[in-house]
file target10.pdb (PDB, C-alpha atoms and all ligand atoms)
MODEL        1
ATOM      1  CA  MET A 506     127.090  60.500  65.811
ATOM      2  CA  ILE A 507     128.864  57.572  67.452
ATOM      3  CA  PHE A 508     131.850  58.063  69.745
ATOM      4  CA  GLY A 509     134.613  55.794  71.021
ATOM      5  CA  ILE A 510     136.531  57.588  73.763
ATOM      6  CA  ASP A 511     139.760  56.552  75.490
ATOM      7  CA  ALA A 512     140.271  58.788  78.505
ATOM      8  CA  GLY A 513     143.847  58.098  79.603
ATOM      9  CA  GLY A 514     146.067  59.519  82.303
ATOM     10  CA  THR A 515     147.327  62.359  80.091
ATOM     11  CA  LEU A 516     145.210  62.617  76.934
ATOM     12  CA  ILE A 517     141.630  61.907  75.899
ATOM     13  CA  LYS A 518     141.519  60.248  72.489
ATOM     14  CA  VAL A 519     138.240  60.359  70.570
ATOM     15  CA  ALA A 520     137.343  58.304  67.495
ATOM     16  CA  TYR A 521     134.009  59.167  65.946
ATOM     17  CA  ALA A 522     132.101  58.399  62.821
ATOM     18  CA  LYS A 523     130.731  61.358  60.914
ATOM     19  CA  ASN A 524     128.953  60.891  57.579
ATOM     20  CA  GLY A 525     130.351  57.391  57.473
ATOM     21  CA  THR A 526     134.006  58.420  57.823
ATOM     22  CA  LEU A 527     136.237  57.723  60.775
ATOM     23  CA  GLN A 528     137.636  60.845  62.448
ATOM     24  CA  PHE A 529     140.152  61.290  65.243
ATOM     25  CA  THR A 530     140.759  64.047  67.735
ATOM     26  CA  LYS A 531     142.447  64.396  71.115
ATOM     27  CA  PHE A 532     142.356  66.663  74.138
ATOM     28  CA  PRO A 533     144.453  67.085  77.283
ATOM     29  CA  ILE A 534     142.886  65.377  80.301
ATOM     30  CA  ALA A 535     142.395  68.829  81.877
ATOM     31  CA  GLU A 536     139.714  69.414  79.220
ATOM     32  CA  ILE A 537     137.588  66.414  80.243
ATOM     33  CA  GLU A 538     134.604  68.677  80.961
ATOM     34  CA  LYS A 539     134.830  70.191  77.472
ATOM     35  CA  VAL A 540     134.804  66.693  75.960
ATOM     36  CA  ALA A 541     131.775  65.774  78.077
ATOM     37  CA  SER A 542     129.927  68.935  76.941
ATOM     38  CA  TRP A 543     130.707  68.179  73.287
ATOM     39  CA  VAL A 544     129.320  64.646  73.625
ATOM     40  CA  ASN A 545     126.330  65.841  75.670
ATOM     41  CA  GLU A 546     125.391  68.358  72.958
ATOM     42  CA  GLN A 547     125.017  65.664  70.297
ATOM     43  CA  SER A 548     121.510  64.340  69.947
ATOM     44  CA  GLU A 549     121.009  60.765  68.818
ATOM     45  CA  SER A 550     124.548  59.815  69.739
ATOM     46  CA  ARG A 551     125.900  56.560  71.098
ATOM     47  CA  VAL A 552     129.042  56.412  73.193
ATOM     48  CA  CYS A 553     131.483  53.766  74.401
ATOM     49  CA  ILE A 554     134.244  54.779  76.818
ATOM     50  CA  THR A 555     137.484  53.198  77.977
ATOM     51  CA  GLY A 556     140.697  54.168  79.813
ATOM     52  CA  GLY A 557     141.643  54.960  83.404
ATOM     53  CA  LYS A 558     139.556  58.152  83.456
ATOM     54  CA  ALA A 559     136.465  56.503  81.914
ATOM     55  CA  GLY A 560     134.646  56.680  85.269
ATOM     56  CA  VAL A 561     135.264  60.418  85.572
ATOM     57  CA  LEU A 562     134.016  61.042  82.021
ATOM     58  CA  LEU A 563     130.952  58.834  82.556
ATOM     59  CA  SER A 564     130.013  60.861  85.625
ATOM     60  CA  LEU A 565     130.007  64.023  83.473
ATOM     61  CA  LEU A 566     127.770  62.619  80.728
ATOM     62  CA  ASN A 567     124.042  63.229  80.684
ATOM     63  CA  LYS A 568     123.386  60.128  78.586
ATOM     64  CA  LYS A 569     123.945  56.445  78.875
ATOM     65  CA  ALA A 570     127.302  55.177  77.692
ATOM     66  CA  LYS A 571     128.904  51.775  77.426
ATOM     67  CA  GLU A 572     132.184  51.129  79.176
ATOM     68  CA  ILE A 573     134.825  48.661  78.024
ATOM     69  CA  MET A 574     137.999  47.525  79.729
ATOM     70  CA  GLU A 575     141.035  49.402  78.392
ATOM     71  CA  PHE A 576     143.125  46.362  77.410
ATOM     72  CA  GLU A 577     140.270  44.799  75.436
ATOM     73  CA  ALA A 578     139.509  48.097  73.685
ATOM     74  CA  THR A 579     143.156  48.492  72.729
ATOM     75  CA  HIS A 580     143.320  44.920  71.428
ATOM     76  CA  LEU A 581     140.244  45.448  69.204
ATOM     77  CA  GLY A 582     141.535  48.803  67.987
ATOM     78  CA  VAL A 583     144.975  47.456  67.118
ATOM     79  CA  LYS A 584     143.347  44.674  65.088
ATOM     80  CA  PHE A 585     141.241  47.212  63.201
ATOM     81  CA  LEU A 586     144.131  49.599  62.500
ATOM     82  CA  LEU A 587     146.374  46.712  61.397
ATOM     83  CA  GLU A 588     143.769  45.570  58.870
ATOM     84  CA  ARG A 589     143.340  49.167  57.724
ATOM     85  CA  MET A 590     147.077  49.222  56.933
ATOM     86  CA  GLY A 591     146.640  46.001  54.954
ATOM     87  CA  ARG A 592     148.692  43.980  57.427
ATOM     88  CA  VAL A 593     147.877  40.424  58.328
ATOM     89  CA  GLU A 594     149.351  39.483  61.699
ATOM     90  CA  ASP A 595     148.132  36.643  63.907
ATOM     91  CA  SER A 596     150.495  36.716  66.847
ATOM     92  CA  TYR A 597     152.297  39.773  68.052
ATOM     93  CA  LEU A 598     153.206  41.881  71.020
ATOM     94  CA  VAL A 599     151.554  45.248  71.647
ATOM     95  CA  THR A 600     153.521  47.814  73.614
ATOM     96  CA  ASN A 601     151.416  50.824  74.531
ATOM     97  CA  VAL A 602     153.657  53.734  75.476
ATOM     98  CA  GLY A 603     151.148  56.018  77.146
ATOM     99  CA  THR A 604     151.744  57.872  80.384
ATOM    100  CA  GLY A 605     153.091  54.535  81.539
ATOM    101  CA  THR A 606     153.943  51.523  79.380
ATOM    102  CA  SER A 607     151.789  48.414  79.138
ATOM    103  CA  ILE A 608     152.741  45.242  77.256
ATOM    104  CA  HIS A 609     150.328  42.695  75.830
ATOM    105  CA  CYS A 610     150.716  39.366  74.104
ATOM    106  CA  ILE A 611     148.198  38.703  71.319
ATOM    107  CA  GLU A 612     147.661  35.084  70.254
ATOM    108  CA  ASN A 613     144.661  33.335  68.748
ATOM    109  CA  ASN A 614     142.717  36.566  68.859
ATOM    110  CA  ARG A 615     143.128  36.904  72.625
ATOM    111  CA  GLN A 616     145.166  39.436  74.542
ATOM    112  CA  GLU A 617     147.010  38.899  77.776
ATOM    113  CA  ARG A 618     148.804  41.666  79.627
ATOM    114  CA  ILE A 619     152.232  40.314  80.362
ATOM    115  CA  GLY A 620     153.947  43.274  81.882
ATOM    116  CA  GLY A 621     154.905  46.876  81.633
ATOM    117  CA  THR A 622     157.197  49.531  82.986
ATOM    118  CA  GLY A 623     156.686  52.826  84.742
ATOM    119  CA  VAL A 624     159.044  54.341  82.200
ATOM    120  CA  GLY A 625     156.856  55.847  79.495
ATOM    121  CA  GLY A 626     155.546  59.096  78.042
ATOM    122  CA  GLY A 627     155.035  60.521  81.522
ATOM    123  CA  THR A 628     158.720  59.930  82.235
ATOM    124  CA  LEU A 629     159.598  61.749  79.027
ATOM    125  CA  LEU A 630     157.603  64.791  80.136
ATOM    126  CA  GLY A 631     158.521  64.650  83.836
ATOM    127  CA  LEU A 632     162.245  64.029  83.611
ATOM    128  CA  SER A 633     162.589  66.513  80.739
ATOM    129  CA  HIS A 634     160.911  69.166  82.825
ATOM    130  CA  LEU A 635     163.047  68.474  85.897
ATOM    131  CA  LEU A 636     166.300  68.510  83.949
ATOM    132  CA  THR A 637     165.654  71.400  81.548
ATOM    133  CA  GLY A 638     162.514  73.271  82.587
ATOM    134  CA  VAL A 639     160.928  72.554  79.185
ATOM    135  CA  THR A 640     157.296  71.495  79.628
ATOM    136  CA  ASN A 641     155.771  71.451  76.171
ATOM    137  CA  TYR A 642     155.689  68.016  74.474
ATOM    138  CA  GLU A 643     156.320  69.328  70.942
ATOM    139  CA  GLU A 644     159.206  71.454  72.180
ATOM    140  CA  ILE A 645     160.762  68.526  74.072
ATOM    141  CA  VAL A 646     160.593  66.362  70.934
ATOM    142  CA  ARG A 647     161.913  69.113  68.649
ATOM    143  CA  MET A 648     164.838  70.031  70.920
ATOM    144  CA  ALA A 649     165.754  66.386  71.615
ATOM    145  CA  GLY A 650     166.021  65.901  67.852
ATOM    146  CA  THR A 651     168.905  68.369  67.644
ATOM    147  CA  GLY A 652     170.801  67.080  70.687
ATOM    148  CA  SER A 653     173.462  64.406  70.991
ATOM    149  CA  ARG A 654     173.614  61.779  73.754
ATOM    150  CA  ASP A 655     177.340  61.225  73.305
ATOM    151  CA  ARG A 656     178.500  63.137  76.372
ATOM    152  CA  ILE A 657     175.756  61.712  78.626
ATOM    153  CA  ASP A 658     175.313  58.029  77.792
ATOM    154  CA  LEU A 659     178.021  55.424  78.112
ATOM    155  CA  LYS A 660     178.215  52.874  75.291
ATOM    156  CA  VAL A 661     179.566  49.352  75.572
ATOM    157  CA  LYS A 662     182.420  50.317  73.189
ATOM    158  CA  HIS A 663     183.488  53.079  75.606
ATOM    159  CA  ILE A 664     184.047  50.488  78.329
ATOM    160  CA  TYR A 665     185.762  47.992  76.003
ATOM    161  CA  GLU A 666     188.415  50.486  74.998
ATOM    162  CA  GLY A 667     190.778  49.091  72.363
ATOM    163  CA  LYS A 668     189.209  45.666  72.628
ATOM    164  CA  GLU A 669     186.405  43.867  70.744
ATOM    165  CA  PRO A 670     183.321  43.788  73.037
ATOM    166  CA  PRO A 671     181.408  40.491  73.455
ATOM    167  CA  ILE A 672     178.149  42.270  72.523
ATOM    168  CA  SER A 673     177.470  45.153  70.131
ATOM    169  CA  GLY A 674     179.584  48.116  71.113
ATOM    170  CA  GLU A 675     176.730  50.379  70.014
ATOM    171  CA  LEU A 676     174.458  49.212  72.839
ATOM    172  CA  THR A 677     174.105  51.637  75.710
ATOM    173  CA  ALA A 678     176.009  50.307  78.706
ATOM    174  CA  SER A 679     174.588  52.981  80.998
ATOM    175  CA  ASN A 680     172.009  55.678  80.288
ATOM    176  CA  PHE A 681     173.287  58.896  81.896
ATOM    177  CA  GLY A 682     176.341  56.795  82.846
ATOM    178  CA  ASN A 683     179.093  58.714  81.117
ATOM    179  CA  ASN A 684     181.539  60.676  83.208
ATOM    180  CA  LEU A 685     179.081  63.496  83.805
ATOM    181  CA  PHE A 686     180.802  65.208  86.697
ATOM    182  CA  SER A 687     183.266  67.049  84.476
ATOM    183  CA  VAL A 688     180.692  68.207  81.884
ATOM    184  CA  ALA A 689     177.473  68.527  83.881
ATOM    185  CA  ALA A 690     177.514  72.330  83.904
ATOM    186  CA  GLU A 691     178.163  72.521  80.157
ATOM    187  CA  LEU A 692     175.390  70.226  78.979
ATOM    188  CA  SER A 693     172.793  71.869  76.773
ATOM    189  CA  ARG A 694     169.057  71.338  77.136
ATOM    190  CA  GLU A 695     169.104  69.637  73.731
ATOM    191  CA  GLU A 696     171.669  67.072  74.911
ATOM    192  CA  LEU A 697     169.732  66.396  78.124
ATOM    193  CA  LEU A 698     166.444  65.987  76.257
ATOM    194  CA  ALA A 699     168.027  63.629  73.726
ATOM    195  CA  ALA A 700     169.328  61.522  76.617
ATOM    196  CA  VAL A 701     165.917  61.419  78.345
ATOM    197  CA  LEU A 702     164.291  60.339  75.096
ATOM    198  CA  GLY A 703     167.003  57.694  74.662
ATOM    199  CA  LEU A 704     166.408  56.368  78.170
ATOM    200  CA  VAL A 705     162.669  56.055  77.571
ATOM    201  CA  GLY A 706     163.043  54.522  74.089
ATOM    202  CA  GLU A 707     165.686  52.003  75.096
ATOM    203  CA  THR A 708     163.868  50.947  78.264
ATOM    204  CA  VAL A 709     160.586  50.479  76.462
ATOM    205  CA  SER A 710     162.144  48.484  73.612
ATOM    206  CA  THR A 711     164.374  46.372  75.858
ATOM    207  CA  VAL A 712     161.455  45.336  78.047
ATOM    208  CA  SER A 713     159.383  44.674  74.920
ATOM    209  CA  VAL A 714     161.982  42.433  73.308
ATOM    210  CA  HIS A 715     162.172  40.294  76.468
ATOM    211  CA  ALA A 716     158.387  40.139  76.587
ATOM    212  CA  ALA A 717     158.243  39.126  72.889
ATOM    213  CA  LYS A 718     160.585  36.214  73.625
ATOM    214  CA  GLN A 719     158.448  35.155  76.574
ATOM    215  CA  CYS A 720     155.357  35.336  74.369
ATOM    216  CA  GLY A 721     157.078  33.541  71.458
ATOM    217  CA  VAL A 722     156.465  36.265  68.867
ATOM    218  CA  SER A 723     158.803  38.431  66.824
ATOM    219  CA  THR A 724     156.622  41.373  65.796
ATOM    220  CA  ILE A 725     156.272  44.196  68.294
ATOM    221  CA  ILE A 726     153.552  46.734  67.584
ATOM    222  CA  TYR A 727     154.264  50.036  69.283
ATOM    223  CA  ILE A 728     151.355  52.365  69.988
ATOM    224  CA  GLY A 729     150.589  55.293  72.301
ATOM    225  CA  SER A 730     150.743  59.069  71.954
ATOM    226  CA  SER A 731     154.417  59.082  72.986
ATOM    227  CA  PHE A 732     155.201  58.251  69.345
ATOM    228  CA  PHE A 733     153.015  61.044  67.995
ATOM    229  CA  GLU A 734     155.133  63.193  65.643
ATOM    230  CA  ASN A 735     158.152  61.840  67.467
ATOM    231  CA  PRO A 736     160.528  60.470  64.806
ATOM    232  CA  LEU A 737     163.457  60.316  67.233
ATOM    233  CA  LEU A 738     161.636  58.043  69.703
ATOM    234  CA  LYS A 739     160.565  55.845  66.788
ATOM    235  CA  GLU A 740     164.164  55.710  65.585
ATOM    236  CA  VAL A 741     165.566  54.780  69.024
ATOM    237  CA  VAL A 742     162.893  52.122  69.514
ATOM    238  CA  THR A 743     163.326  50.752  65.978
ATOM    239  CA  SER A 744     167.097  50.410  66.163
ATOM    240  CA  TYR A 745     167.047  48.859  69.638
ATOM    241  CA  THR A 746     164.267  46.437  68.726
ATOM    242  CA  VAL A 747     166.018  45.350  65.519
ATOM    243  CA  LEU A 748     169.414  45.120  67.230
ATOM    244  CA  ARG A 749     167.856  42.734  69.705
ATOM    245  CA  GLY A 750     166.269  40.554  67.058
ATOM    246  CA  ALA A 751     162.603  41.568  66.829
ATOM    247  CA  GLN A 752     160.587  43.485  64.195
ATOM    248  CA  PRO A 753     158.999  46.786  65.201
ATOM    249  CA  LEU A 754     155.788  48.085  63.655
ATOM    250  CA  PHE A 755     154.236  51.488  64.271
ATOM    251  CA  LEU A 756     150.528  51.718  63.603
ATOM    252  CA  GLU A 757     149.123  54.688  61.724
ATOM    253  CA  ASN A 758     146.961  56.530  64.284
ATOM    254  CA  GLY A 759     148.108  53.919  66.806
ATOM    255  CA  GLU A 760     147.469  56.298  69.706
ATOM    256  CA  PHE A 761     143.751  55.965  68.893
ATOM    257  CA  SER A 762     143.692  52.159  69.282
ATOM    258  CA  GLY A 763     141.690  52.243  72.531
ATOM    259  CA  ALA A 764     139.242  54.799  71.141
ATOM    260  CA  VAL A 765     138.772  52.814  67.904
ATOM    261  CA  GLY A 766     138.224  49.609  69.891
ATOM    262  CA  ALA A 767     135.593  51.367  72.012
ATOM    263  CA  LEU A 768     133.943  52.745  68.874
ATOM    264  CA  SER A 769     133.666  49.247  67.422
ATOM    265  CA  LEU A 770     131.537  48.215  70.410
ATOM    266  CA  VAL A 771     129.155  51.184  70.497
TER     267      VAL A 771
HETATM  268  P1  LIG A 801     147.710  55.862  80.063
HETATM  269  O1  LIG A 801     147.311  54.943  78.933
HETATM  270  O2  LIG A 801     149.021  55.486  80.675
HETATM  271  O3  LIG A 801     146.588  56.074  81.047
HETATM  272  P2  LIG A 801     147.349  57.999  78.124
HETATM  273  O4  LIG A 801     146.361  57.099  77.452
HETATM  274  O5  LIG A 801     146.871  59.377  78.437
HETATM  275  O6  LIG A 801     147.942  57.336  79.447
HETATM  276  P3  LIG A 801     148.854  58.418  75.704
HETATM  277  O7  LIG A 801     147.871  59.456  75.275
HETATM  278  O8  LIG A 801     148.950  57.202  74.873
HETATM  279  O9  LIG A 801     148.659  58.069  77.228
HETATM  280  O10 LIG A 801     150.322  59.058  75.769
HETATM  281  C1  LIG A 801     150.628  60.130  76.636
HETATM  282  C2  LIG A 801     152.028  60.606  76.303
HETATM  283  O11 LIG A 801     152.073  61.100  74.966
HETATM  284  C3  LIG A 801     152.507  61.780  77.158
HETATM  285  O12 LIG A 801     153.063  61.324  78.364
HETATM  286  C4  LIG A 801     153.507  62.460  76.248
HETATM  287  O13 LIG A 801     154.791  61.869  76.359
HETATM  288  C5  LIG A 801     152.980  62.169  74.859
HETATM  289  N1  LIG A 801     152.234  63.274  74.216
HETATM  290  C6  LIG A 801     151.959  63.317  72.881
HETATM  291  N2  LIG A 801     151.276  64.435  72.573
HETATM  292  C7  LIG A 801     151.114  65.118  73.722
HETATM  293  C8  LIG A 801     150.488  66.362  74.044
HETATM  294  N3  LIG A 801     149.914  67.121  73.129
HETATM  295  N4  LIG A 801     150.473  66.735  75.345
HETATM  296  C9  LIG A 801     151.042  65.979  76.291
HETATM  297  N5  LIG A 801     151.662  64.816  76.044
HETATM  298  C10 LIG A 801     151.707  64.378  74.776
HETATM  299 MG    MG A 802     146.226  55.029  77.270
ENDMDL
END

call {"tool": "encode", "arguments": {"input": "target10.pdb", "output": "structure tokens", "more": "lines below"}}
Ligand code: ATP
Ligand code: MG
result
Amino acid sequence: MIFGIDAGGTLIKVAYAKNGTLQFTKFPIAEIEKVASWVNEQSESRVCITGGKAGVLLSLLNKKAKEIMEFEATHLGVKFLLERMGRVEDSYLVTNVGTGTSIHCIENNRQERIGGTGVGGGTLLGLSHLLTGVTNYEEIVRMAGTGSRDRIDLKVKHIYEGKEPPISGELTASNFGNNLFSVAAELSREELLAAVLGLVGETVSTVSVHAAKQCGVSTIIYIGSSFFENPLLKEVVTSYTVLRGAQPLFLENGEFSGAVGALSLV
């Protein structure tokens, strides 16, 4: 068996080839020893590892493994997954919304990291937990989907009352900037979670659109497990990206980009 493993800050993503077919699986980082045991048990296997926890995983393996730099692995994986979707793209931006968010410009088959933000999937989990006590990712996403941000976020049109605003009135003027003092005690967990998700989605897409301009591209490919079964985050990111003049693209299995890139170098 051959393995490509991306051991990130929160999740370990594994791409492996079994009987000639590509398979994907993931584990929480707390299960890194279990992943190492699984790989160690396979005879005749070859492994390539990437991600911030690659060193920890390597130290737990009883066999030789290749290591590849995370940004290069992601770049190779994105290329592979794009082709698998039948897309031909030469120049684009890649925004990886993992625990944190990392932004890369791809041109002439080369990637350059051009920025990032500390607002990412970790913020979604952390802020959600602090505000509502909910810890489970699926639950956060499900509850956020039924909440409204109207009482929490302030839109441009709320400031420009009775007057045409100079920019779209639908843009958020201030995340968590509505007059919260009067309603704070009444806010439901669903409303708070929707607002956290909005903050993360809008920050990530706003930073990405600026980066796309700097890089001179209009397609922004969003990857990372933060989008996994998270239609609301995709919707927030899509509408903000489009509103600001760029084209979003979500890769199928995009959260496995790093693992797929590592697998391609085994
Ligand atoms: P980084 O690349 O920053 O080192 P990472 O590679 O571990 O981190 P990803 O796996 O791409 O990051 O994304 C992690 C985020 O995905 C979490 O912060 C969370 O918002 C979301 N997520 C999706 N599924 C889960 C899950 N089952 N458990 C925890 N978080 C999840
Ligand atoms: Mg990662």

call {"tool": "residues_near_ligand", "arguments": {"input": "target10.pdb", "ligand": "ligand MG 802 (chain A)", "cutoff": "9 Å", "atoms": "all atoms listed in the file", "output": "compact mmCIF listing (two decimals) with C-alpha atoms, in the coordinates of the input"}}
result
# COMPACT_ATOMS: atom_id res chain seq x y z
CA ASP A 511 139.76 56.55 75.49
CA ALA A 512 140.27 58.79 78.50
CA GLY A 513 143.85 58.10 79.60
CA GLY A 514 146.07 59.52 82.30
CA THR A 515 147.33 62.36 80.09
CA LEU A 516 145.21 62.62 76.93
CA ILE A 517 141.63 61.91 75.90
CA LYS A 518 141.52 60.25 72.49
CA THR A 555 137.48 53.20 77.98
CA GLY A 556 140.70 54.17 79.81
CA GLY A 557 141.64 54.96 83.40
CA GLU A 575 141.04 49.40 78.39
CA THR A 579 143.16 48.49 72.73
CA ASN A 601 151.42 50.82 74.53
CA VAL A 602 153.66 53.73 75.48
CA GLY A 603 151.15 56.02 77.15
CA THR A 604 151.74 57.87 80.38
CA GLY A 605 153.09 54.54 81.54
CA THR A 606 153.94 51.52 79.38
CA SER A 607 151.79 48.41 79.14
CA GLY A 729 150.59 55.29 72.30
CA SER A 730 150.74 59.07 71.95
CA GLU A 760 147.47 56.30 69.71
CA PHE A 761 143.75 55.96 68.89
CA SER A 762 143.69 52.16 69.28
CA GLY A 763 141.69 52.24 72.53

call {"tool": "residues_near_point", "arguments": {"input": "target10.pdb", "point": "(132.1, 63.2, 81.2)", "cutoff": "8 Å", "atoms": "all atoms listed in the file", "output": "ChimeraX atom specification"}}
result
/A:537-538,540-542,561-566

call {"tool": "write_last_selection", "arguments": {"input": "target10.pdb", "atoms": "C-alpha atoms", "output": "PDB file, in the coordinates of the input"}}
result
ATOM      1  CA  ILE A 537     137.588  66.414  80.243  1.00  0.00           C
ATOM      2  CA  GLU A 538     134.604  68.677  80.961  1.00  0.00           C
ATOM      3  CA  VAL A 540     134.804  66.693  75.960  1.00  0.00           C
ATOM      4  CA  ALA A 541     131.775  65.774  78.077  1.00  0.00           C
ATOM      5  CA  SER A 542     129.927  68.935  76.941  1.00  0.00           C
ATOM      6  CA  VAL A 561     135.264  60.418  85.572  1.00  0.00           C
ATOM      7  CA  LEU A 562     134.016  61.042  82.021  1.00  0.00           C
ATOM      8  CA  LEU A 563     130.952  58.834  82.556  1.00  0.00           C
ATOM      9  CA  SER A 564     130.013  60.861  85.625  1.00  0.00           C
ATOM     10  CA  LEU A 565     130.007  64.023  83.473  1.00  0.00           C
ATOM     11  CA  LEU A 566     127.770  62.619  80.728  1.00  0.00           C
TER      12      LEU A 566
END

call {"tool": "atom_distance", "arguments": {"input": "target10.pdb", "atom1": "CA of Phe686 (chain A)", "atom2": "CA of Leu704 (chain A)"}}
result
18.9 Å

call {"tool": "resolve_selection", "arguments": {"input": "target10.pdb", "expression": "the PyMOL selection byres (((chain A and resi 611) around 9) and not hetatm)", "output": "ChimeraX atom specification"}}
result
/A:580,595-599,609-610,612-618,720,722

call {"tool": "closest_residue", "arguments": {"input": "target10.pdb", "among": "A:Val741, A:Val552, A:Ala764, A:Leu685", "to": "ligand LIG 801 (chain A)", "atoms": "only C-alpha atoms and all ligand atoms"}}
result
A:Ala764

call {"tool": "closest_residue", "arguments": {"input": "target10.pdb", "among": "A:Gly703, A:Gly750, A:Gly652, A:Gly623", "to": "ligand LIG 801 (chain A)", "atoms": "only C-alpha atoms and all ligand atoms"}}
result
A:Gly623

call {"tool": "closest_residue", "arguments": {"input": "target10.pdb", "among": "A:Ser550, A:Asn735, A:Ser653, A:Thr708", "to": "ligand LIG 801 (chain A)", "atoms": "all atoms listed in the file"}}
result
A:Asn735

call {"tool": "resolve_selection", "arguments": {"input": "target10.pdb", "expression": "the PyMOL selection byres (((chain A and resi 509) around 8) and not hetatm)", "output": "PDB file with C-alpha atoms, keeping the file's coordinate frame"}}
result
ATOM      1  CA  ILE A 507     128.864  57.572  67.452  1.00  0.00           C
ATOM      2  CA  PHE A 508     131.850  58.063  69.745  1.00  0.00           C
ATOM      3  CA  ILE A 510     136.531  57.588  73.763  1.00  0.00           C
ATOM      4  CA  ASP A 511     139.760  56.552  75.490  1.00  0.00           C
ATOM      5  CA  VAL A 519     138.240  60.359  70.570  1.00  0.00           C
ATOM      6  CA  ALA A 520     137.343  58.304  67.495  1.00  0.00           C
ATOM      7  CA  TYR A 521     134.009  59.167  65.946  1.00  0.00           C
ATOM      8  CA  VAL A 552     129.042  56.412  73.193  1.00  0.00           C
ATOM      9  CA  CYS A 553     131.483  53.766  74.401  1.00  0.00           C
ATOM     10  CA  ILE A 554     134.244  54.779  76.818  1.00  0.00           C
ATOM     11  CA  THR A 555     137.484  53.198  77.977  1.00  0.00           C
ATOM     12  CA  ALA A 764     139.242  54.799  71.141  1.00  0.00           C
ATOM     13  CA  VAL A 765     138.772  52.814  67.904  1.00  0.00           C
ATOM     14  CA  GLY A 766     138.224  49.609  69.891  1.00  0.00           C
ATOM     15  CA  ALA A 767     135.593  51.367  72.012  1.00  0.00           C
ATOM     16  CA  LEU A 768     133.943  52.745  68.874  1.00  0.00           C
ATOM     17  CA  SER A 769     133.666  49.247  67.422  1.00  0.00           C
ATOM     18  CA  VAL A 771     129.155  51.184  70.497  1.00  0.00           C
TER      19      VAL A 771
END

call {"tool": "closest_residue", "arguments": {"input": "target10.pdb", "among": "A:Leu586, A:Leu676, A:Ile645, A:Leu770", "to": "Ser744 (chain A)", "atoms": "only C-alpha atoms"}}
result
A:Leu676

call {"tool": "residues_around", "arguments": {"input": "target10.pdb", "residues": "region 631-639 of chain A", "least_positions_apart": "6", "cutoff": "9 Å", "atoms": "all atoms listed in the file", "output": "list in words"}}
result
Ile645, Ser693, Arg694, Glu695, Leu697, Leu698, Val701 and Leu702 of chain A

call {"tool": "atom_distance", "arguments": {"input": "target10.pdb", "atom1": "CA of Arg592 (chain A)", "atom2": "atom O6 of ligand LIG 801 (chain A)"}}
result
25.8 Å

call {"tool": "closest_residue", "arguments": {"input": "target10.pdb", "among": "A:Val661, A:Val624, A:Val712, A:Ala690", "to": "ligand LIG 801 (chain A)", "atoms": "all atoms listed in the file"}}
result
A:Val624

call {"tool": "closest_residue", "arguments": {"input": "target10.pdb", "among": "A:Ile728, A:Ile573, A:Val593, A:Ala678", "to": "ligand LIG 801 (chain A)", "atoms": "all atoms listed in the file"}}
result
A:Ile728

call {"tool": "atom_distance", "arguments": {"input": "target10.pdb", "atom1": "CA of Gly682 (chain A)", "atom2": "CA of Ala700 (chain A)"}}
result
10.5 Å

call {"tool": "residues_around", "arguments": {"input": "target10.pdb", "residues": "Leu738 (chain A)", "least_positions_apart": "6", "cutoff": "10 Å", "atoms": "all atoms listed in the file", "output": "ChimeraX atom specification"}}
result
/A:646,649-650,699,702-707,731-732

call {"tool": "axis_aligned_box", "arguments": {"input": "target10.pdb", "around": "ligand LIG 801 (chain A)", "padding_each_side": "6 Å", "output": "AutoDock Vina command-line options"}}
result
--center_x 150.6 --center_y 61.0 --center_z 76.8 --size_x 20.4 --size_y 24.2 --size_z 20.5

call {"tool": "residues_around", "arguments": {"input": "target10.pdb", "residues": "Val747 (chain A)", "least_positions_apart": "4", "cutoff": "12 Å", "atoms": "all atoms listed in the file", "output": "list in words"}}
result
Leu676, Glu707, Ser710, Thr711, Ser713, Val714, Ser723, Thr724, Ile725, Lys739, Glu740, Val741, Val742, Thr743, Ala751, Gln752, Pro753 and Leu754 of chain A

call {"tool": "build_atoms", "arguments": {"input": "target10.pdb", "residues": "region 708-715 of chain A", "atoms": "N, CA and C atoms", "output": "PDB file, in the frame of the given file"}}
result
ATOM      1  N   THR A 708     164.508  51.742  77.206  1.00  0.00           N
ATOM      2  CA  THR A 708     163.868  50.947  78.264  1.00  0.00           C
ATOM      3  C   THR A 708     162.631  50.247  77.712  1.00  0.00           C
ATOM      4  N   VAL A 709     161.826  51.016  77.016  1.00  0.00           N
ATOM      5  CA  VAL A 709     160.586  50.479  76.462  1.00  0.00           C
ATOM      6  C   VAL A 709     160.880  49.337  75.468  1.00  0.00           C
ATOM      7  N   SER A 710     161.875  49.526  74.605  1.00  0.00           N
ATOM      8  CA  SER A 710     162.144  48.484  73.612  1.00  0.00           C
ATOM      9  C   SER A 710     162.833  47.269  74.232  1.00  0.00           C
ATOM     10  N   THR A 711     163.702  47.506  75.203  1.00  0.00           N
ATOM     11  CA  THR A 711     164.374  46.372  75.858  1.00  0.00           C
ATOM     12  C   THR A 711     163.357  45.487  76.570  1.00  0.00           C
ATOM     13  N   VAL A 712     162.485  46.104  77.336  1.00  0.00           N
ATOM     14  CA  VAL A 712     161.455  45.336  78.047  1.00  0.00           C
ATOM     15  C   VAL A 712     160.553  44.612  77.043  1.00  0.00           C
ATOM     16  N   SER A 713     160.267  45.272  75.930  1.00  0.00           N
ATOM     17  CA  SER A 713     159.383  44.674  74.920  1.00  0.00           C
ATOM     18  C   SER A 713     160.028  43.456  74.256  1.00  0.00           C
ATOM     19  N   VAL A 714     161.311  43.555  73.962  1.00  0.00           N
ATOM     20  CA  VAL A 714     161.982  42.433  73.308  1.00  0.00           C
ATOM     21  C   VAL A 714     161.995  41.207  74.223  1.00  0.00           C
ATOM     22  N   HIS A 715     162.232  41.426  75.513  1.00  0.00           N
ATOM     23  CA  HIS A 715     162.172  40.294  76.468  1.00  0.00           C
ATOM     24  C   HIS A 715     160.761  39.705  76.513  1.00  0.00           C
TER      25      HIS A 715
END
